[in-house]
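Heads up, the thing below is written out as structure tokens.
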Amino acid sequence: FEPIMTKVNAFSDYLQFIFEWKESFIVGSRKSEDKWLPFDELRAELFYPTSDYIRQTHSVACHLAVVAANAFLVEFRDPRKATSDWLSSVGGVRSLRMISEEDHIATLGMDASTNISESVHATSTVGLKVAGTIR
């Protein structure tokens, strides 16, 4: 994120807060000595793994990521599926490249889904927007 951090001070401040200051309790505890920096630990384990298991599976995970990405691209671009309608790369009729500026502006800030299966995620989004946290 270095190129963005040098240009956008607010983003740099946000990353510093998330990785160096935002503490959380260990699950099941409310003792102040049990607080930790979860995002800092996550970043450390992702980019500088200490677990032998993670080190041993790294190359397999990288290969799996490439295979999955290729499969997603094929599926998303399939013209028989609704997802292709939303992709500019295949000229989708609902893609940002194809809709009018008026339609684009009218949809800014709107939730993307009203599907009941998305309700847990939707309430999380609302919680973040309204209260700045998820409970």
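Labels for the structure tokens follow display order: chains A, B, ..., residues from 1 in each chain, ligands from 1.
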>> I need the helix (DSSP H, G or I) residues of chain A per DSSP on the backbone, written as a VMD selection string.
In response: chain A and resid 2 to 7 9 to 21 32 to 34 38 to 47 52 to 77 82 to 86 88 to 90 101 to 107 116 to 131
Write out as an mmCIF file with N, CA and C atoms, in the first residue's frame the residues lying within 12 Å of Phe17 (chain A), counting only C-alpha atoms and excluding same-chain residues fewer than 5 positions away.
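Resulting contents of out-v4.cif:
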data_model
loop_
_atom_site.group_PDB
_atom_site.id
_atom_site.type_symbol
_atom_site.label_atom_id
_atom_site.label_comp_id
_atom_site.auth_asym_id
_atom_site.auth_seq_id
_atom_site.Cartn_x
_atom_site.Cartn_y
_atom_site.Cartn_z
ATOM 1 N N ALA A 10 -4.921 10.253 4.995
ATOM 2 C CA ALA A 10 -6.001 9.606 5.754
ATOM 3 C C ALA A 10 -5.878 8.089 5.668
ATOM 4 N N PHE A 11 -5.492 7.579 4.516
ATOM 5 C CA PHE A 11 -5.328 6.136 4.355
ATOM 6 C C PHE A 11 -4.145 5.640 5.182
ATOM 7 N N SER A 12 -3.079 6.396 5.169
ATOM 8 C CA SER A 12 -1.912 6.052 5.983
ATOM 9 C C SER A 12 -2.285 6.029 7.463
ATOM 10 N N LYS A 22 -5.597 -0.616 16.952
ATOM 11 C CA LYS A 22 -6.915 -1.224 17.160
ATOM 12 C C LYS A 22 -6.782 -2.587 17.840
ATOM 13 N N GLU A 23 -7.092 -2.601 19.116
ATOM 14 C CA GLU A 23 -7.001 -3.828 19.894
ATOM 15 C C GLU A 23 -8.369 -4.491 20.011
ATOM 16 N N LEU A 37 -3.612 -7.285 18.963
ATOM 17 C CA LEU A 37 -3.759 -6.581 17.689
ATOM 18 C C LEU A 37 -4.051 -7.618 16.602
ATOM 19 N N PRO A 38 -5.326 -7.956 16.378
ATOM 20 C CA PRO A 38 -5.632 -9.062 15.463
ATOM 21 C C PRO A 38 -5.208 -8.817 14.025
ATOM 22 N N PHE A 39 -5.376 -7.599 13.527
ATOM 23 C CA PHE A 39 -5.029 -7.350 12.131
ATOM 24 C C PHE A 39 -3.517 -7.343 11.918
ATOM 25 N N ASP A 40 -2.789 -6.889 12.917
ATOM 26 C CA ASP A 40 -1.335 -6.934 12.844
ATOM 27 C C ASP A 40 -0.853 -8.386 12.821
#
>> Let's see if you can do this: from backbone DSSP, list all strand (DSSP E) residues in region 16-125 of chain A, as a ChimeraX atom specification.
In response: /A:24-25,35-36
> Could you pull the residues within 12 Å of Arg43 (chain A), counting only C-alpha atoms, minus those fewer than 4 positions along the same chain, as a ChimeraX atom specification?
Replying inline: /A:15,18-20,37-39,47-50
> Phe25 (chain A): which residues within 7 Å, counting only C-alpha atoms, same-chain residues fewer than 4 positions away excluded, as a ChimeraX atom specification?
Replying inline: /A:29-30,34-36
>> Please list as a PyMOL selection string every residue within 10 Å of region 87-92 of chain A, counting only C-alpha atoms and excluding residues in the same chain fewer than 6 positions away.
In response: chain A and resi 76-79+98-99
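CA of Phe72 (chain A) is positioned 18.1 Å from CA of Val60 (chain A).
The gap separating CA of Ser24 (chain A) from CA of Ala61 (chain A) is 28.4 Å, in Å to one decimal.
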>> If we count only C-alpha atoms and set the cut-off at 10 Å, which residues sit around His58 (chain A), ignoring sequence neighbours fewer than 6 positions away in its own chain? Please answer as a PyMOL selection string.
In response: chain A and resi 46+49+52+64
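CA of Glu101 (chain A) sits 27.9 Å away from CA of Glu75 (chain A).
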